[in-house]
$ cat data.cif   # mmCIF, N, CA and C atoms
data_model
loop_
_atom_site.label_atom_id
_atom_site.label_comp_id
_atom_site.auth_asym_id
_atom_site.auth_seq_id
_atom_site.Cartn_x
_atom_site.Cartn_y
_atom_site.Cartn_z
N GLN V 18 -3.40 -13.69 11.08
CA GLN V 18 -4.47 -14.04 10.15
C GLN V 18 -5.52 -12.94 10.17
N VAL V 19 -5.86 -12.44 8.99
CA VAL V 19 -6.81 -11.33 8.92
C VAL V 19 -8.23 -11.88 8.91
N GLN V 20 -9.13 -11.15 9.52
CA GLN V 20 -10.54 -11.49 9.49
C GLN V 20 -11.29 -10.42 8.69
N LEU V 21 -12.27 -10.86 7.95
CA LEU V 21 -13.04 -9.96 7.10
C LEU V 21 -14.51 -10.03 7.50
N VAL V 22 -15.11 -8.88 7.63
CA VAL V 22 -16.52 -8.82 7.99
C VAL V 22 -17.25 -7.95 6.97
N GLU V 23 -18.19 -8.57 6.27
CA GLU V 23 -18.98 -7.85 5.28
C GLU V 23 -20.25 -7.31 5.92
N SER V 24 -20.76 -6.23 5.34
CA SER V 24 -22.03 -5.68 5.77
C SER V 24 -22.65 -4.91 4.61
N GLY V 25 -23.92 -4.61 4.74
CA GLY V 25 -24.59 -3.77 3.76
C GLY V 25 -25.58 -4.47 2.85
N GLY V 26 -25.57 -5.78 2.85
CA GLY V 26 -26.50 -6.49 1.98
C GLY V 26 -27.93 -6.34 2.46
N GLU V 27 -28.84 -6.19 1.51
CA GLU V 27 -30.26 -6.11 1.84
C GLU V 27 -31.09 -6.39 0.61
N SER V 28 -32.38 -6.36 0.76
CA SER V 28 -33.30 -6.59 -0.33
C SER V 28 -33.72 -5.24 -0.92
N VAL V 29 -33.54 -5.07 -2.24
CA VAL V 29 -33.84 -3.81 -2.90
C VAL V 29 -34.61 -4.06 -4.19
N GLN V 30 -35.15 -2.98 -4.74
CA GLN V 30 -35.83 -3.04 -6.02
C GLN V 30 -34.82 -2.84 -7.15
N ALA V 31 -35.13 -3.39 -8.30
CA ALA V 31 -34.29 -3.19 -9.48
C ALA V 31 -34.13 -1.70 -9.75
N GLY V 32 -32.92 -1.31 -10.11
CA GLY V 32 -32.63 0.10 -10.36
C GLY V 32 -32.07 0.83 -9.16
N SER V 33 -32.12 0.19 -8.01
CA SER V 33 -31.64 0.80 -6.77
C SER V 33 -30.12 0.76 -6.67
N SER V 34 -29.62 1.47 -5.68
CA SER V 34 -28.19 1.47 -5.37
C SER V 34 -27.98 0.88 -3.97
N LEU V 35 -26.80 0.36 -3.77
CA LEU V 35 -26.47 -0.25 -2.48
C LEU V 35 -24.97 -0.16 -2.27
N ARG V 36 -24.56 -0.01 -1.02
CA ARG V 36 -23.14 0.00 -0.68
C ARG V 36 -22.84 -1.15 0.25
N LEU V 37 -21.89 -1.97 -0.16
CA LEU V 37 -21.38 -3.04 0.69
C LEU V 37 -20.05 -2.60 1.30
N ALA V 38 -19.79 -3.06 2.51
CA ALA V 38 -18.54 -2.74 3.18
C ALA V 38 -17.86 -4.02 3.63
N CYS V 39 -16.56 -4.02 3.57
CA CYS V 39 -15.75 -5.15 4.03
C CYS V 39 -14.68 -4.59 4.95
N ARG V 40 -14.81 -4.88 6.22
CA ARG V 40 -13.84 -4.39 7.19
C ARG V 40 -12.83 -5.48 7.49
N LEU V 41 -11.55 -5.14 7.32
CA LEU V 41 -10.47 -6.09 7.58
C LEU V 41 -9.88 -5.80 8.96
N SER V 42 -9.60 -6.86 9.70
CA SER V 42 -9.00 -6.69 11.02
C SER V 42 -7.56 -6.23 10.89
N GLY V 43 -7.07 -5.57 11.92
CA GLY V 43 -5.70 -5.11 11.91
C GLY V 43 -5.51 -3.92 11.00
N SER V 44 -4.25 -3.60 10.74
CA SER V 44 -3.94 -2.42 9.94
C SER V 44 -3.19 -2.74 8.66
N ASP V 45 -2.83 -4.00 8.48
CA ASP V 45 -2.13 -4.37 7.24
C ASP V 45 -3.07 -4.29 6.06
N GLN V 46 -2.49 -3.97 4.92
CA GLN V 46 -3.30 -3.90 3.70
C GLN V 46 -3.08 -5.14 2.85
N TYR V 47 -4.11 -5.51 2.14
CA TYR V 47 -4.11 -6.71 1.33
C TYR V 47 -4.70 -6.42 -0.04
N CYS V 48 -4.35 -7.23 -0.97
CA CYS V 48 -5.12 -7.25 -2.22
C CYS V 48 -6.50 -7.76 -1.83
N THR V 49 -7.53 -6.99 -2.13
CA THR V 49 -8.87 -7.30 -1.65
C THR V 49 -9.86 -7.29 -2.81
N ALA V 50 -10.79 -8.21 -2.75
CA ALA V 50 -11.76 -8.32 -3.85
C ALA V 50 -13.13 -8.69 -3.33
N TRP V 51 -14.10 -8.42 -4.17
CA TRP V 51 -15.47 -8.87 -3.94
C TRP V 51 -15.81 -9.96 -4.94
N PHE V 52 -16.41 -11.00 -4.44
CA PHE V 52 -16.95 -12.08 -5.26
C PHE V 52 -18.43 -12.21 -4.95
N ARG V 53 -19.15 -12.86 -5.83
CA ARG V 53 -20.55 -13.15 -5.56
C ARG V 53 -20.87 -14.56 -6.03
N GLN V 54 -21.88 -15.12 -5.39
CA GLN V 54 -22.23 -16.50 -5.71
C GLN V 54 -23.71 -16.72 -5.47
N VAL V 55 -24.33 -17.42 -6.41
CA VAL V 55 -25.70 -17.88 -6.24
C VAL V 55 -25.65 -19.40 -6.14
N PRO V 56 -26.56 -19.99 -5.44
CA PRO V 56 -26.54 -21.45 -5.27
C PRO V 56 -26.49 -22.17 -6.62
N GLY V 57 -25.60 -23.12 -6.71
CA GLY V 57 -25.48 -23.91 -7.92
C GLY V 57 -24.51 -23.36 -8.93
N ASN V 58 -24.05 -22.12 -8.68
CA ASN V 58 -23.10 -21.49 -9.60
C ASN V 58 -21.73 -21.34 -8.95
N GLU V 59 -20.73 -21.15 -9.79
CA GLU V 59 -19.39 -20.90 -9.27
C GLU V 59 -19.31 -19.48 -8.73
N ARG V 60 -18.34 -19.28 -7.84
CA ARG V 60 -18.12 -17.95 -7.29
C ARG V 60 -17.55 -17.04 -8.39
N GLU V 61 -18.14 -15.89 -8.56
CA GLU V 61 -17.76 -14.96 -9.63
C GLU V 61 -17.05 -13.73 -9.05
N GLY V 62 -15.89 -13.43 -9.60
CA GLY V 62 -15.17 -12.23 -9.19
C GLY V 62 -15.87 -10.99 -9.73
N VAL V 63 -16.06 -10.00 -8.86
CA VAL V 63 -16.78 -8.79 -9.24
C VAL V 63 -15.84 -7.61 -9.41
N ALA V 64 -15.01 -7.37 -8.41
CA ALA V 64 -14.09 -6.22 -8.43
C ALA V 64 -12.98 -6.47 -7.44
N GLY V 65 -11.82 -5.90 -7.73
CA GLY V 65 -10.69 -6.08 -6.83
C GLY V 65 -9.78 -4.88 -6.83
N ILE V 66 -9.04 -4.71 -5.73
CA ILE V 66 -8.11 -3.61 -5.58
C ILE V 66 -6.77 -4.18 -5.11
N SER V 67 -5.69 -3.66 -5.70
CA SER V 67 -4.38 -4.15 -5.35
C SER V 67 -4.00 -3.77 -3.93
N ARG V 68 -2.96 -4.37 -3.43
CA ARG V 68 -2.57 -4.15 -2.05
C ARG V 68 -2.31 -2.69 -1.76
N ARG V 69 -1.62 -2.02 -2.65
CA ARG V 69 -1.29 -0.61 -2.42
C ARG V 69 -2.37 0.33 -2.95
N GLY V 70 -3.39 -0.25 -3.59
CA GLY V 70 -4.50 0.56 -4.05
C GLY V 70 -4.30 1.21 -5.40
N GLY V 71 -3.19 0.89 -6.07
CA GLY V 71 -2.93 1.54 -7.34
C GLY V 71 -3.71 0.99 -8.51
N THR V 72 -4.27 -0.20 -8.34
CA THR V 72 -5.00 -0.84 -9.44
C THR V 72 -6.34 -1.32 -8.93
N ILE V 73 -7.37 -1.00 -9.69
CA ILE V 73 -8.72 -1.50 -9.43
C ILE V 73 -9.26 -2.06 -10.75
N ASP V 74 -9.83 -3.23 -10.69
CA ASP V 74 -10.40 -3.84 -11.89
C ASP V 74 -11.77 -4.40 -11.58
N TYR V 75 -12.57 -4.52 -12.64
CA TYR V 75 -13.94 -4.97 -12.50
C TYR V 75 -14.26 -6.07 -13.51
N ALA V 76 -15.20 -6.91 -13.14
CA ALA V 76 -15.75 -7.85 -14.11
C ALA V 76 -16.53 -7.07 -15.15
N ASP V 77 -16.53 -7.55 -16.38
CA ASP V 77 -17.24 -6.85 -17.45
C ASP V 77 -18.72 -6.66 -17.12
N SER V 78 -19.28 -7.59 -16.38
CA SER V 78 -20.71 -7.55 -16.09
C SER V 78 -21.11 -6.39 -15.18
N VAL V 79 -20.13 -5.79 -14.51
CA VAL V 79 -20.48 -4.72 -13.57
C VAL V 79 -19.80 -3.39 -13.91
N LYS V 80 -18.96 -3.38 -14.92
CA LYS V 80 -18.27 -2.15 -15.28
C LYS V 80 -19.27 -1.03 -15.59
N GLY V 81 -19.00 0.14 -15.03
CA GLY V 81 -19.89 1.27 -15.23
C GLY V 81 -21.02 1.35 -14.22
N ARG V 82 -21.27 0.27 -13.50
CA ARG V 82 -22.34 0.26 -12.49
C ARG V 82 -21.80 0.11 -11.08
N PHE V 83 -20.71 -0.62 -10.93
CA PHE V 83 -20.13 -0.86 -9.61
C PHE V 83 -18.83 -0.06 -9.48
N SER V 84 -18.56 0.37 -8.26
CA SER V 84 -17.34 1.12 -7.99
C SER V 84 -16.74 0.64 -6.67
N LEU V 85 -15.46 0.34 -6.70
CA LEU V 85 -14.77 -0.16 -5.52
C LEU V 85 -13.84 0.93 -4.99
N SER V 86 -13.80 1.06 -3.67
CA SER V 86 -12.90 2.04 -3.06
C SER V 86 -12.43 1.49 -1.72
N ARG V 87 -11.42 2.12 -1.18
CA ARG V 87 -10.88 1.68 0.11
C ARG V 87 -10.60 2.89 0.99
N ASP V 88 -10.99 2.78 2.25
CA ASP V 88 -10.67 3.77 3.27
C ASP V 88 -9.56 3.18 4.13
N ASN V 89 -8.34 3.64 3.91
CA ASN V 89 -7.21 3.06 4.63
C ASN V 89 -7.28 3.33 6.13
N SER V 90 -7.87 4.45 6.52
CA SER V 90 -7.96 4.78 7.94
C SER V 90 -8.85 3.80 8.69
N LYS V 91 -9.77 3.18 7.97
CA LYS V 91 -10.68 2.20 8.57
C LYS V 91 -10.38 0.79 8.12
N ASN V 92 -9.41 0.65 7.25
CA ASN V 92 -9.08 -0.65 6.64
C ASN V 92 -10.35 -1.33 6.15
N THR V 93 -11.10 -0.57 5.41
CA THR V 93 -12.40 -1.04 4.91
C THR V 93 -12.48 -0.82 3.42
N VAL V 94 -12.98 -1.81 2.73
CA VAL V 94 -13.17 -1.74 1.28
C VAL V 94 -14.66 -1.68 1.01
N TYR V 95 -15.04 -0.77 0.14
CA TYR V 95 -16.45 -0.56 -0.18
C TYR V 95 -16.74 -0.97 -1.62
N LEU V 96 -17.93 -1.49 -1.82
CA LEU V 96 -18.41 -1.77 -3.17
C LEU V 96 -19.72 -1.02 -3.34
N ASP V 97 -19.67 0.05 -4.13
CA ASP V 97 -20.86 0.83 -4.43
C ASP V 97 -21.51 0.28 -5.69
N MET V 98 -22.75 -0.10 -5.57
CA MET V 98 -23.46 -0.75 -6.68
C MET V 98 -24.64 0.12 -7.09
N LYS V 99 -24.70 0.42 -8.38
CA LYS V 99 -25.80 1.23 -8.93
C LYS V 99 -26.57 0.42 -9.95
N GLN V 100 -27.76 0.88 -10.25
CA GLN V 100 -28.60 0.25 -11.27
C GLN V 100 -28.65 -1.27 -11.08
N LEU V 101 -28.92 -1.68 -9.89
CA LEU V 101 -28.95 -3.10 -9.59
C LEU V 101 -30.02 -3.80 -10.39
N GLN V 102 -29.69 -4.99 -10.84
CA GLN V 102 -30.57 -5.81 -11.66
C GLN V 102 -30.81 -7.13 -10.94
N PRO V 103 -31.89 -7.83 -11.28
CA PRO V 103 -32.13 -9.13 -10.64
C PRO V 103 -30.93 -10.08 -10.79
N GLY V 104 -30.19 -9.93 -11.88
CA GLY V 104 -29.02 -10.78 -12.10
C GLY V 104 -27.88 -10.49 -11.15
N ASP V 105 -27.97 -9.37 -10.40
CA ASP V 105 -26.94 -9.05 -9.41
C ASP V 105 -27.22 -9.70 -8.07
N ALA V 106 -28.38 -10.27 -7.91
CA ALA V 106 -28.73 -10.90 -6.64
C ALA V 106 -27.82 -12.08 -6.36
N ALA V 107 -27.24 -12.11 -5.18
CA ALA V 107 -26.28 -13.16 -4.81
C ALA V 107 -25.83 -12.93 -3.39
N THR V 108 -25.07 -13.88 -2.89
CA THR V 108 -24.32 -13.64 -1.67
C THR V 108 -22.97 -13.06 -2.08
N TYR V 109 -22.65 -11.92 -1.52
CA TYR V 109 -21.41 -11.23 -1.86
C TYR V 109 -20.37 -11.51 -0.77
N TYR V 110 -19.21 -11.94 -1.23
CA TYR V 110 -18.12 -12.27 -0.32
C TYR V 110 -16.94 -11.34 -0.54
N CYS V 111 -16.30 -10.99 0.54
CA CYS V 111 -15.06 -10.23 0.49
C CYS V 111 -13.91 -11.21 0.67
N ALA V 112 -12.83 -10.99 -0.06
CA ALA V 112 -11.67 -11.87 0.02
C ALA V 112 -10.40 -11.05 0.04
N ALA V 113 -9.37 -11.59 0.70
CA ALA V 113 -8.10 -10.88 0.80
C ALA V 113 -6.94 -11.82 0.52
N ALA V 114 -5.93 -11.27 -0.09
CA ALA V 114 -4.70 -12.00 -0.38
C ALA V 114 -3.53 -11.11 0.00
N TYR V 115 -2.40 -11.74 0.33
CA TYR V 115 -1.21 -10.97 0.68
C TYR V 115 -0.80 -10.09 -0.51
N SER V 116 -0.98 -10.58 -1.69
CA SER V 116 -0.75 -9.79 -2.89
C SER V 116 -1.40 -10.50 -4.06
N CYS V 117 -1.66 -9.77 -5.10
CA CYS V 117 -2.22 -10.34 -6.34
C CYS V 117 -1.15 -10.19 -7.41
N THR V 118 -0.12 -10.98 -7.30
CA THR V 118 1.04 -10.81 -8.17
C THR V 118 0.73 -11.08 -9.64
N ALA V 119 -0.26 -11.89 -9.89
CA ALA V 119 -0.63 -12.19 -11.28
C ALA V 119 -1.60 -11.17 -11.85
N GLY V 120 -1.94 -10.18 -11.07
CA GLY V 120 -2.85 -9.15 -11.54
C GLY V 120 -4.26 -9.36 -11.05
N ILE V 121 -5.02 -8.28 -10.95
CA ILE V 121 -6.38 -8.35 -10.45
C ILE V 121 -7.29 -9.17 -11.37
N PRO V 122 -7.25 -8.96 -12.68
CA PRO V 122 -8.14 -9.75 -13.54
C PRO V 122 -7.95 -11.26 -13.36
N TYR V 123 -6.71 -11.68 -13.25
CA TYR V 123 -6.44 -13.11 -13.03
C TYR V 123 -7.01 -13.54 -11.69
N ALA V 124 -6.80 -12.74 -10.66
CA ALA V 124 -7.28 -13.09 -9.33
C ALA V 124 -8.80 -13.19 -9.30
N LEU V 125 -9.47 -12.31 -10.02
CA LEU V 125 -10.93 -12.37 -10.05
C LEU V 125 -11.44 -13.65 -10.73
N ARG V 126 -10.67 -14.18 -11.62
CA ARG V 126 -11.07 -15.43 -12.29
C ARG V 126 -10.65 -16.66 -11.51
N ASN V 127 -9.83 -16.47 -10.51
CA ASN V 127 -9.29 -17.59 -9.75
C ASN V 127 -9.43 -17.34 -8.24
N PRO V 128 -10.56 -17.68 -7.67
CA PRO V 128 -10.80 -17.43 -6.24
C PRO V 128 -9.74 -18.06 -5.34
N SER V 129 -9.08 -19.10 -5.81
CA SER V 129 -8.05 -19.73 -4.99
C SER V 129 -6.85 -18.82 -4.78
N SER V 130 -6.82 -17.69 -5.48
CA SER V 130 -5.73 -16.72 -5.29
C SER V 130 -5.81 -16.04 -3.93
N PHE V 131 -6.97 -16.14 -3.28
CA PHE V 131 -7.20 -15.42 -2.04
C PHE V 131 -7.09 -16.34 -0.83
N ASN V 132 -6.44 -15.80 0.20
CA ASN V 132 -6.14 -16.58 1.39
C ASN V 132 -7.24 -16.51 2.44
N PHE V 133 -7.97 -15.39 2.44
CA PHE V 133 -8.92 -15.15 3.52
C PHE V 133 -10.26 -14.73 2.94
N TRP V 134 -11.33 -15.18 3.59
CA TRP V 134 -12.68 -14.91 3.12
C TRP V 134 -13.59 -14.50 4.27
N GLY V 135 -14.53 -13.62 3.95
CA GLY V 135 -15.57 -13.28 4.91
C GLY V 135 -16.71 -14.28 4.82
N GLN V 136 -17.73 -14.03 5.63
CA GLN V 136 -18.88 -14.95 5.71
C GLN V 136 -19.93 -14.62 4.66
N GLY V 137 -19.87 -13.48 4.06
CA GLY V 137 -20.81 -13.13 3.00
C GLY V 137 -21.95 -12.26 3.50
N THR V 138 -22.51 -11.49 2.58
CA THR V 138 -23.68 -10.67 2.85
C THR V 138 -24.64 -10.82 1.68
N GLN V 139 -25.91 -10.97 1.98
CA GLN V 139 -26.90 -11.31 0.97
C GLN V 139 -27.49 -10.06 0.31
N VAL V 140 -27.50 -10.07 -1.00
CA VAL V 140 -28.14 -9.00 -1.78
C VAL V 140 -29.28 -9.63 -2.59
N THR V 141 -30.46 -9.10 -2.39
CA THR V 141 -31.63 -9.56 -3.14
C THR V 141 -32.16 -8.41 -3.96
N VAL V 142 -32.44 -8.64 -5.24
CA VAL V 142 -32.94 -7.59 -6.12
C VAL V 142 -34.24 -8.09 -6.76
N SER V 143 -35.30 -7.38 -6.51
CA SER V 143 -36.60 -7.78 -7.05
C SER V 143 -36.95 -6.87 -8.22
N SER V 144 -37.60 -7.44 -9.21
CA SER V 144 -37.97 -6.67 -10.41
C SER V 144 -39.31 -6.00 -10.25
#

$ encode --input "data.cif" --output "structure tokens"
Amino acid sequence: QVQLVESGGESVQAGSSLRLACRLSGSDQYCTAWFRQVPGNEREGVAGISRRGGTIDYADSVKGRFSLSRDNSKNTVYLDMKQLQPGDAATYYCAAAYSCTAGIPYALRNPSSFNFWGQGTQVTVSS
């Protein structure tokens, strides 16, 4: 069973940039994604990368501002966020699945596609 540990969340001003990291235990690779959630709302898929890293997809709300990458040597997935807006404030969760056979866009819309979840890291954006 893989464990995921997120880091990097903090309180920033609107327009700032931030990098979140998700470190996966072990050396196996997984389809990995970032979700975010604010209290009272459903968990929203932000970005995901396929198991082999050949496919990366983003939610429309973050395209052009967020960038996802993976360092295989560290088994860590990064989410680089630019031009942060108050609407980006949320708890960001990392999730992993053995594979995303239905595709990343589908997986981002269906959190139940993922088998493992981290504890989350808080991002606050003030205007």

$ closest_residue --input "data.cif" --among "V:Cys39, V:Val142, V:Ala114, V:Val19" --to "Gln102 in chain V" --atoms "all atoms listed in the file"
V:Val142

$ closest_residue --input "data.cif" --among "V:Arg60, V:Arg68, V:Lys80, V:Arg53" --to "Cys117 in chain V" --atoms "all atoms listed in the file"
V:Arg68

$ residues_near_point --input "data.cif" --point "(-32.5, -4.2, -1.1)" --cutoff "7 Å" --atoms "only N, CA and C atoms" --output "list in words"
Gly26, Glu27, Ser28, Val29, Gln30, Val140, Thr141, Val142 and Ser143 of chain V

$ closest_residue --input "data.cif" --among "V:Ala124, V:Thr108, V:Ser144, V:Asn92" --to "Gly43 in chain V" --atoms "all atoms listed in the file"
V:Asn92

$ atom_distance --input "data.cif" --atom1 "CA of Leu101 in chain V" --atom2 "CA of Phe131 in chain V"
26.1 Å

$ closest_residue --input "data.cif" --among "V:Ala50, V:Ala38, V:Leu21, V:Ala106" --to "Ile73 in chain V" --atoms "only C-alpha atoms"
V:Ala50

$ closest_residue --input "data.cif" --among "V:Asp77, V:Glu23, V:Glu61, V:Asp45" --to "Arg126 in chain V" --atoms "all atoms listed in the file"
V:Glu61

$ axis_aligned_box --input "data.cif" --around "range 90-93 of chain V" --padding-each-side "8 Å" --output "JSON"
{"center_x": -10.2, "center_y": 1.7, "center_z": 6.1, "size_x": 20.6, "size_y": 22.1, "size_z": 21.3}

$ residues_near_point --input "data.cif" --point "(-18.3, -14.4, 7.7)" --cutoff "6.5 Å" --atoms "all atoms listed in the file" --output "list in words"
Leu21, Val22, Glu23, Trp134, Gly135, Gln136 and Gly137 of chain V

$ closest_residue --input "data.cif" --among "V:Asp97, V:Ala107, V:Asp88, V:Asn127" --to "Ser44 in chain V" --atoms "only C-alpha atoms"
V:Asp88

$ atom_distance --input "data.cif" --atom1 "CA of Pro122 in chain V" --atom2 "CA of Thr72 in chain V"
10.3 Å

$ resolve_selection --input "data.cif" --expression "the PyMOL selection byres ((chain V and resi 49) around 8)" --output "PyMOL selection string"
chain V and resi 46-48+50-52+64-69+94+111-117

$ select_by_dssp --input "data.cif" --residues "chain V" --states "strand (DSSP E or B)" --output "JSON, numbers by chain"
{"V": [21, 22, 23, 24, 28, 29, 30, 35, 36, 37, 38, 39, 40, 41, 48, 49, 50, 51, 52, 53, 54, 61, 62, 63, 64, 65, 66, 73, 74, 75, 83, 84, 85, 86, 87, 88, 93, 94, 95, 96, 97, 98, 107, 108, 109, 110, 111, 112, 113, 114, 133, 134, 138, 139, 140, 141, 142, 143]}

$ atom_distance --input "data.cif" --atom1 "atom C of Thr93 in chain V" --atom2 "atom C of Gly57 in chain V"
28.4 Å
